[in-house]
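Participant: start.tsv is reproduced below (TSV, N, CA and C atoms and all ligand atoms).
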chain	number	residue	atom	x	y	z
A	1333	MET	N	-86.16	32.61	16.95
A	1333	MET	CA	-87.36	31.87	17.30
A	1333	MET	C	-87.73	30.91	16.17
A	1334	ASP	N	-87.90	31.44	14.98
A	1334	ASP	CA	-88.19	30.53	13.88
A	1334	ASP	C	-86.87	30.10	13.24
A	1335	GLN	N	-86.45	28.92	13.61
A	1335	GLN	CA	-85.17	28.43	13.11
A	1335	GLN	C	-85.40	27.48	11.95
A	1336	PRO	N	-84.87	27.82	10.80
A	1336	PRO	CA	-84.98	26.91	9.66
A	1336	PRO	C	-84.00	25.75	9.78
A	1337	CYS	N	-83.26	25.73	10.86
A	1337	CYS	CA	-82.15	24.79	10.98
A	1337	CYS	C	-82.43	23.75	12.05
A	1338	GLU	N	-82.32	22.49	11.68
A	1338	GLU	CA	-82.52	21.40	12.63
A	1338	GLU	C	-81.26	21.16	13.46
A	1339	HIS	N	-80.13	21.56	12.92
A	1339	HIS	CA	-78.86	21.22	13.57
A	1339	HIS	C	-78.75	21.81	14.97
A	1340	LEU	N	-79.30	22.99	15.14
A	1340	LEU	CA	-79.07	23.71	16.38
A	1340	LEU	C	-80.13	23.41	17.43
A	1341	LYS	N	-81.13	22.65	17.06
A	1341	LYS	CA	-82.23	22.42	17.99
A	1341	LYS	C	-81.83	21.53	19.15
A	1342	GLY	N	-82.18	21.97	20.35
A	1342	GLY	CA	-81.99	21.13	21.53
A	1342	GLY	C	-80.55	20.98	21.97
A	1343	LEU	N	-79.67	21.82	21.46
A	1343	LEU	CA	-78.27	21.71	21.87
A	1343	LEU	C	-78.07	22.29	23.26
A	1344	VAL	N	-77.34	21.56	24.06
A	1344	VAL	CA	-76.92	22.07	25.36
A	1344	VAL	C	-75.41	21.94	25.45
A	1345	GLU	N	-74.87	22.50	26.50
A	1345	GLU	CA	-73.42	22.46	26.64
A	1345	GLU	C	-72.91	21.02	26.61
A	1346	ALA	N	-73.68	20.12	27.18
A	1346	ALA	CA	-73.27	18.72	27.27
A	1346	ALA	C	-73.30	18.03	25.91
A	1347	SER	N	-73.91	18.67	24.92
A	1347	SER	CA	-73.92	18.08	23.58
A	1347	SER	C	-72.53	18.12	22.97
A	1348	PHE	N	-71.71	19.00	23.48
A	1348	PHE	CA	-70.36	19.18	22.93
A	1348	PHE	C	-69.35	18.40	23.76
A	1349	ALA	N	-68.26	18.04	23.12
A	1349	ALA	CA	-67.20	17.34	23.82
A	1349	ALA	C	-66.60	18.26	24.88
A	1350	PRO	N	-66.06	17.66	25.94
A	1350	PRO	CA	-65.37	18.47	26.94
A	1350	PRO	C	-64.23	19.24	26.28
A	1351	LEU	N	-64.01	20.45	26.72
A	1351	LEU	CA	-63.00	21.28	26.06
A	1351	LEU	C	-61.60	20.78	26.39
A	1352	PRO	N	-60.73	20.78	25.38
A	1352	PRO	CA	-59.35	20.36	25.63
A	1352	PRO	C	-58.60	21.39	26.46
A	1353	THR	N	-57.61	20.91	27.18
A	1353	THR	CA	-56.74	21.82	27.92
A	1353	THR	C	-55.31	21.62	27.45
A	1354	PRO	N	-54.56	22.65	27.18
A	1354	PRO	CA	-55.04	24.03	27.18
A	1354	PRO	C	-55.92	24.29	25.98
A	1355	LEU	N	-56.83	25.22	26.17
A	1355	LEU	CA	-57.75	25.58	25.10
A	1355	LEU	C	-57.01	26.42	24.06
A	1356	ALA	N	-56.90	25.88	22.86
A	1356	ALA	CA	-56.12	26.57	21.84
A	1356	ALA	C	-56.54	26.09	20.46
A	1357	CYS	N	-56.21	26.87	19.47
A	1357	CYS	CA	-56.39	26.43	18.10
A	1357	CYS	C	-55.11	25.72	17.67
A	1358	GLU	N	-55.22	24.41	17.50
A	1358	GLU	CA	-54.04	23.63	17.20
A	1358	GLU	C	-53.35	24.07	15.91
A	1359	GLU	N	-54.17	24.37	14.90
A	1359	GLU	CA	-53.60	24.79	13.63
A	1359	GLU	C	-52.84	26.11	13.77
A	1360	CYS	N	-53.37	27.01	14.59
A	1360	CYS	CA	-52.67	28.27	14.83
A	1360	CYS	C	-51.34	28.00	15.53
A	1361	LEU	N	-51.37	27.08	16.47
A	1361	LEU	CA	-50.13	26.76	17.16
A	1361	LEU	C	-49.10	26.25	16.16
A	1362	LYS	N	-49.55	25.41	15.24
A	1362	LYS	CA	-48.64	24.85	14.24
A	1362	LYS	C	-48.12	25.92	13.30
A	1363	GLU	N	-49.04	26.80	12.88
A	1363	GLU	CA	-48.67	27.79	11.87
A	1363	GLU	C	-48.07	29.05	12.49
A	1364	GLY	N	-48.17	29.14	13.81
A	1364	GLY	CA	-47.61	30.30	14.48
A	1364	GLY	C	-48.44	31.55	14.32
A	1365	THR	N	-49.74	31.39	14.04
A	1365	THR	CA	-50.61	32.56	13.93
A	1365	THR	C	-51.36	32.76	15.23
A	1366	GLN	N	-51.94	33.93	15.34
A	1366	GLN	CA	-52.63	34.34	16.55
A	1366	GLN	C	-54.13	34.27	16.32
A	1367	TRP	N	-54.86	33.70	17.24
A	1367	TRP	CA	-56.31	33.68	17.08
A	1367	TRP	C	-56.97	34.74	17.93
A	1368	VAL	N	-58.19	35.10	17.52
A	1368	VAL	CA	-58.95	36.10	18.26
A	1368	VAL	C	-59.87	35.40	19.26
A	1369	SER	N	-60.73	34.53	18.75
A	1369	SER	CA	-61.51	33.72	19.66
A	1369	SER	C	-61.71	32.33	19.05
A	1370	LEU	N	-62.21	31.43	19.87
A	1370	LEU	CA	-62.20	30.02	19.49
A	1370	LEU	C	-63.60	29.44	19.38
A	1371	ARG	N	-63.74	28.45	18.51
A	1371	ARG	CA	-64.99	27.75	18.28
A	1371	ARG	C	-64.75	26.25	18.44
A	1372	GLU	N	-65.78	25.56	18.91
A	1372	GLU	CA	-65.65	24.11	19.03
A	1372	GLU	C	-66.65	23.42	18.13
A	1373	CYS	N	-66.19	22.39	17.44
A	1373	CYS	CA	-67.04	21.61	16.54
A	1373	CYS	C	-67.89	20.64	17.34
A	1374	LEU	N	-69.18	20.59	17.00
A	1374	LEU	CA	-70.08	19.68	17.69
A	1374	LEU	C	-69.78	18.23	17.36
A	1375	SER	N	-69.43	17.97	16.13
A	1375	SER	CA	-69.29	16.58	15.67
A	1375	SER	C	-68.07	15.89	16.24
A	1376	CYS	N	-66.96	16.60	16.34
A	1376	CYS	CA	-65.73	15.91	16.71
A	1376	CYS	C	-64.94	16.61	17.80
A	1377	GLY	N	-65.40	17.76	18.28
A	1377	GLY	CA	-64.69	18.43	19.36
A	1377	GLY	C	-63.49	19.24	18.90
A	1378	HIS	N	-63.34	19.36	17.57
A	1378	HIS	CA	-62.23	20.16	17.04
A	1378	HIS	C	-62.37	21.62	17.49
A	1379	VAL	N	-61.26	22.19	17.93
A	1379	VAL	CA	-61.27	23.59	18.32
A	1379	VAL	C	-60.51	24.39	17.27
A	1380	GLY	N	-61.18	25.38	16.70
A	1380	GLY	CA	-60.55	26.22	15.70
A	1380	GLY	C	-60.87	27.67	15.95
A	1381	CYS	N	-60.16	28.54	15.26
A	1381	CYS	CA	-60.34	29.95	15.52
A	1381	CYS	C	-61.41	30.55	14.60
A	1382	CYS	N	-61.94	31.68	15.02
A	1382	CYS	CA	-63.09	32.29	14.37
A	1382	CYS	C	-62.68	33.06	13.12
A	1383	ASP	N	-63.67	33.61	12.45
A	1383	ASP	CA	-63.41	34.31	11.20
A	1383	ASP	C	-62.74	35.67	11.39
A	1384	SER	N	-62.66	36.13	12.61
A	1384	SER	CA	-61.92	37.36	12.88
A	1384	SER	C	-60.44	37.07	13.05
A	1385	SER	N	-60.10	35.80	13.12
A	1385	SER	CA	-58.70	35.42	13.25
A	1385	SER	C	-58.13	35.19	11.85
A	1386	PRO	N	-56.83	35.42	11.69
A	1386	PRO	CA	-56.22	35.25	10.36
A	1386	PRO	C	-56.38	33.83	9.84
A	1387	GLY	N	-56.36	32.85	10.72
A	1387	GLY	CA	-56.38	31.46	10.27
A	1387	GLY	C	-57.75	30.98	9.84
A	1388	LYS	N	-58.82	31.51	10.45
A	1388	LYS	CA	-60.19	31.06	10.16
A	1388	LYS	C	-60.29	29.55	10.19
A	1389	HIS	N	-59.68	28.94	11.19
A	1389	HIS	CA	-59.57	27.48	11.17
A	1389	HIS	C	-60.88	26.77	11.47
A	1390	ALA	N	-61.79	27.41	12.17
A	1390	ALA	CA	-63.08	26.77	12.40
A	1390	ALA	C	-63.83	26.63	11.08
A	1391	THR	N	-63.81	27.68	10.27
A	1391	THR	CA	-64.47	27.63	8.96
A	1391	THR	C	-63.77	26.64	8.04
A	1392	LYS	N	-62.45	26.64	8.09
A	1392	LYS	CA	-61.71	25.68	7.27
A	1392	LYS	C	-62.03	24.25	7.68
A	1393	HIS	N	-62.23	24.06	8.97
A	1393	HIS	CA	-62.58	22.72	9.45
A	1393	HIS	C	-63.92	22.29	8.86
A	1394	PHE	N	-64.86	23.21	8.83
A	1394	PHE	CA	-66.15	22.88	8.23
A	1394	PHE	C	-66.00	22.55	6.75
A	1395	ARG	N	-65.24	23.35	6.03
A	1395	ARG	CA	-65.05	23.10	4.59
A	1395	ARG	C	-64.44	21.73	4.35
A	1396	LYS	N	-63.52	21.36	5.23
A	1396	LYS	CA	-62.80	20.11	5.07
A	1396	LYS	C	-63.66	18.91	5.46
A	1397	THR	N	-64.40	19.05	6.55
A	1397	THR	CA	-65.07	17.88	7.12
A	1397	THR	C	-66.58	17.87	6.87
A	1398	GLY	N	-67.15	19.06	6.64
A	1398	GLY	CA	-68.59	19.13	6.51
A	1398	GLY	C	-69.32	19.09	7.83
A	1399	HIS	N	-68.60	19.15	8.93
A	1399	HIS	CA	-69.25	19.21	10.24
A	1399	HIS	C	-69.98	20.54	10.37
A	1400	PRO	N	-71.30	20.52	10.51
A	1400	PRO	CA	-72.08	21.73	10.31
A	1400	PRO	C	-72.17	22.68	11.50
A	1401	VAL	N	-71.94	22.19	12.70
A	1401	VAL	CA	-72.27	23.01	13.86
A	1401	VAL	C	-71.07	23.26	14.75
A	1402	MET	N	-70.92	24.50	15.16
A	1402	MET	CA	-69.92	24.81	16.16
A	1402	MET	C	-70.51	25.76	17.18
A	1403	ARG	N	-69.78	25.93	18.27
A	1403	ARG	CA	-70.21	26.87	19.29
A	1403	ARG	C	-69.04	27.74	19.69
A	1404	SER	N	-69.36	28.85	20.28
A	1404	SER	CA	-68.31	29.68	20.86
A	1404	SER	C	-67.88	29.07	22.18
A	1405	VAL	N	-66.59	29.06	22.42
A	1405	VAL	CA	-66.13	28.54	23.70
A	1405	VAL	C	-65.53	29.66	24.55
A	1406	MET	N	-65.81	30.90	24.16
A	1406	MET	CA	-65.30	31.99	24.95
A	1406	MET	C	-66.14	32.15	26.21
A	1407	PRO	N	-65.51	32.54	27.31
A	1407	PRO	CA	-66.23	32.62	28.59
A	1407	PRO	C	-67.48	33.49	28.48
A	1408	GLY	N	-68.57	32.98	28.98
A	1408	GLY	CA	-69.80	33.76	29.01
A	1408	GLY	C	-70.59	33.71	27.73
A	1409	GLN	N	-70.03	33.13	26.68
A	1409	GLN	CA	-70.77	33.07	25.43
A	1409	GLN	C	-71.43	31.71	25.28
A	1410	ARG	N	-72.66	31.73	24.80
A	1410	ARG	CA	-73.42	30.48	24.71
A	1410	ARG	C	-73.98	30.27	23.32
A	1411	TRP	N	-73.50	30.99	22.36
A	1411	TRP	CA	-74.12	30.87	21.06
A	1411	TRP	C	-73.53	29.74	20.23
A	1412	THR	N	-74.34	29.29	19.33
A	1412	THR	CA	-73.94	28.23	18.41
A	1412	THR	C	-74.11	28.76	16.99
A	1413	TRP	N	-73.52	28.03	16.05
A	1413	TRP	CA	-73.60	28.49	14.67
A	1413	TRP	C	-73.69	27.27	13.75
A	1414	CYS	N	-74.59	27.36	12.78
A	1414	CYS	CA	-74.68	26.31	11.78
A	1414	CYS	C	-74.12	26.85	10.48
A	1415	TYR	N	-73.07	26.20	9.99
A	1415	TYR	CA	-72.44	26.64	8.75
A	1415	TYR	C	-73.31	26.35	7.53
A	1416	VAL	N	-74.11	25.30	7.63
A	1416	VAL	CA	-74.92	24.92	6.48
A	1416	VAL	C	-76.01	25.96	6.22
A	1417	HIS	N	-76.71	26.30	7.28
A	1417	HIS	CA	-77.82	27.23	7.11
A	1417	HIS	C	-77.43	28.67	7.44
A	1418	GLU	N	-76.23	28.83	7.97
A	1418	GLU	CA	-75.76	30.15	8.36
A	1418	GLU	C	-76.72	30.86	9.28
A	1419	VAL	N	-77.06	30.15	10.33
A	1419	VAL	CA	-77.90	30.75	11.37
A	1419	VAL	C	-77.23	30.54	12.73
A	1420	ALA	N	-77.51	31.48	13.61
A	1420	ALA	CA	-76.99	31.38	14.96
A	1420	ALA	C	-78.06	30.82	15.88
A	1421	GLY	N	-77.62	30.11	16.89
A	1421	GLY	CA	-78.53	29.61	17.90
A	1421	GLY	C	-77.94	29.86	19.27
A	1422	GLU	N	-78.57	29.28	20.27
A	1422	GLU	CA	-78.05	29.45	21.62
A	1422	GLU	C	-78.22	28.14	22.38
A	1423	LEU	N	-77.24	27.84	23.22
A	1423	LEU	CA	-77.34	26.62	24.03
A	1423	LEU	C	-78.50	26.77	24.99
A	1424	ALA	N	-79.25	25.69	25.13
A	1424	ALA	CA	-80.35	25.71	26.08
A	1424	ALA	C	-79.78	25.73	27.49
A	1425	PRO	N	-80.41	26.49	28.36
A	1425	PRO	CA	-79.92	26.53	29.74
A	1425	PRO	C	-80.11	25.19	30.43
A	1426	VAL	N	-79.12	24.81	31.21
A	1426	VAL	CA	-79.21	23.56	31.95
A	1426	VAL	C	-79.66	23.88	33.36
A	1427	PRO	N	-80.76	23.28	33.81
A	1427	PRO	CA	-81.23	23.52	35.18
A	1427	PRO	C	-80.16	23.11	36.18
A	1428	ALA	N	-79.85	23.97	37.10
A	1428	ALA	CA	-78.73	23.73	38.01
A	1428	ALA	C	-78.96	22.50	38.87
A	1429	THR	N	-80.13	22.37	39.44
A	1429	THR	CA	-80.38	21.26	40.36
A	1429	THR	C	-81.10	20.11	39.66
A	1430	ASN	N	-82.26	20.41	39.14
A	1430	ASN	CA	-83.12	19.37	38.59
A	1430	ASN	C	-82.70	19.00	37.18
A	1431	LYS	N	-81.66	18.20	37.08
A	1431	LYS	CA	-81.15	17.83	35.76
A	1431	LYS	C	-82.03	16.77	35.12
A	1432	LYS	N	-82.63	17.14	34.03
A	1432	LYS	CA	-83.47	16.17	33.34
A	1432	LYS	C	-82.68	15.54	32.20
A	1433	GLU	N	-81.91	14.54	32.54
A	1433	GLU	CA	-81.09	13.89	31.53
A	1433	GLU	C	-81.80	12.67	30.96
A	1434	SER	N	-83.11	12.69	31.03
A	1434	SER	CA	-83.87	11.54	30.56
A	1434	SER	C	-83.72	11.39	29.05
A	1435	GLN	N	-83.90	10.21	28.56
A	1435	GLN	CA	-83.75	9.95	27.14
A	1435	GLN	C	-84.90	10.56	26.36
A	1436	SER	N	-84.84	11.84	26.17
A	1436	SER	CA	-85.95	12.49	25.46
A	1436	SER	C	-85.67	12.58	23.98
A	1437	TYR	N	-84.61	11.92	23.55
A	1437	TYR	CA	-84.30	11.93	22.12
A	1437	TYR	C	-84.95	10.75	21.41
A	1438	GLY	N	-85.96	10.19	22.06
A	1438	GLY	CA	-86.49	8.91	21.63
A	1438	GLY	C	-87.17	8.89	20.27
A	1439	GLN	N	-86.44	9.24	19.24
A	1439	GLN	CA	-87.01	9.12	17.91
A	1439	GLN	C	-86.52	7.81	17.30
A	1440	ALA	N	-87.38	6.84	17.24
A	1440	ALA	CA	-86.99	5.50	16.83
A	1440	ALA	C	-86.61	5.46	15.35
B	1	ZN	ZN	-78.35	23.79	10.10
B	2	ZN	ZN	-56.52	28.91	14.06
B	3	ZN	ZN	-65.48	18.53	13.42
Mind converting the file's structure to structure tokens?
Ligand SMILES: [Zn+2]
Ligand SMILES: [Zn+2]
Ligand SMILES: [Zn+2]
Facilitator:
Amino acid sequence: MDQPCEHLKGLVEASFAPLPTPLACEECLKEGTQWVSLRECLSCGHVGCCDSSPGKHATKHFRKTGHPVMRSVMPGQRWTWCYVHEVAGELAPVPATNKKESQSYGQA
């Protein structure tokens, strides 16, 4: 509820890039390692594996690029994570019918 982090505010599924197919950790594919679950970077759509995976490529991506926010892309999971503040968030639910895609980001 009290989030010290601005990064995670107002994030919805549509804030993230469409997921690549097939969904995989590219670095793991290259290195031949196995991932446990996958994370997607908000800034660039990079998909990397979580810290339970040997590669920890999502965290390495943050270290390399400084992209602060990722989300879980595992089915049914809606949480987000900010590496800078080390806080978890959750994607806001998208109304099924009444989509309010109005420009409410109007901070000039
Ligand atoms: Zn943050
Ligand atoms: Zn990986
Ligand atoms: Zn990124």
Participant: Please write out the residues within 5 Å of ligand ZN 1 (chain B) as a PyMOL selection string, counting only N, CA and C atoms and all ligand atoms.
Facilitator: chain A and resi 1337-1339+1414+1417
Participant: Go through the chains and note each residue within 12 Å of ligand ZN 3 (chain B), using only C-alpha atoms and all ligand atoms, then give the set as a list in words.
Facilitator: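 Taking only C-alpha atoms and all ligand atoms into account, the residues around ligand ZN 3 (chain B) at most 12 Å away are Phe1348, Ala1349, Arg1371, Glu1372, Cys1373, Leu1374, Ser1375, Cys1376, Gly1377, His1378, Val1379, Gly1380, His1389, Ala1390, Thr1391, Lys1392, His1393, Phe1394, Arg1395, Lys1396, Thr1397, Gly1398, His1399, Pro1400, Val1401, Met1402, Arg1403 and Tyr1415 of chain A.
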Participant: At a cut-off of 9 Å around ligand ZN 2 (chain B), and using only C-alpha atoms and all ligand atoms, what residues come up? Please write them as a list in words.
Facilitator: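 Written in the requested form, the residues are Ala1356, Cys1357, Glu1358, Glu1359, Cys1360, Leu1361, Lys1362, Glu1363, Thr1365, Gln1366, Trp1367, Val1368, Ser1369, Leu1370, Val1379, Gly1380, Cys1381, Cys1382, Ser1385, Pro1386, Gly1387, Lys1388, His1389 and Ala1390 of chain A.
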Participant: Quick one: everything within 5 Å of region 1419-1430 of chain A, counting all atoms listed in the file, minus sequence neighbours fewer than 4 positions away in the same chain. Send it as a list in words.
Facilitator: Leu1343, Val1344, Arg1410, Trp1411, Thr1412, Trp1413 and Cys1414 of chain A
Participant: Take atom N of Val1405 (chain A) and atom N of Lys1341 (chain A) and report the distance between them in Å, one decimal.
Facilitator: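 Rounded to one decimal, the two atoms are 16.8 Å apart.
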Participant: Between CA of Gln1409 (chain A) and CA of Gly1364 (chain A), what is the distance in Å, rounded to a tenth?
Facilitator: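 Calculated distance between CA of Gln1409 (chain A) and CA of Gly1364 (chain A) is 25.8 Å.
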Participant: Could you tell me how far CA of Leu1351 (chain A) lies from CA of Pro1407 (chain A), in Å and to one decimal?
Facilitator: 12.1 Å
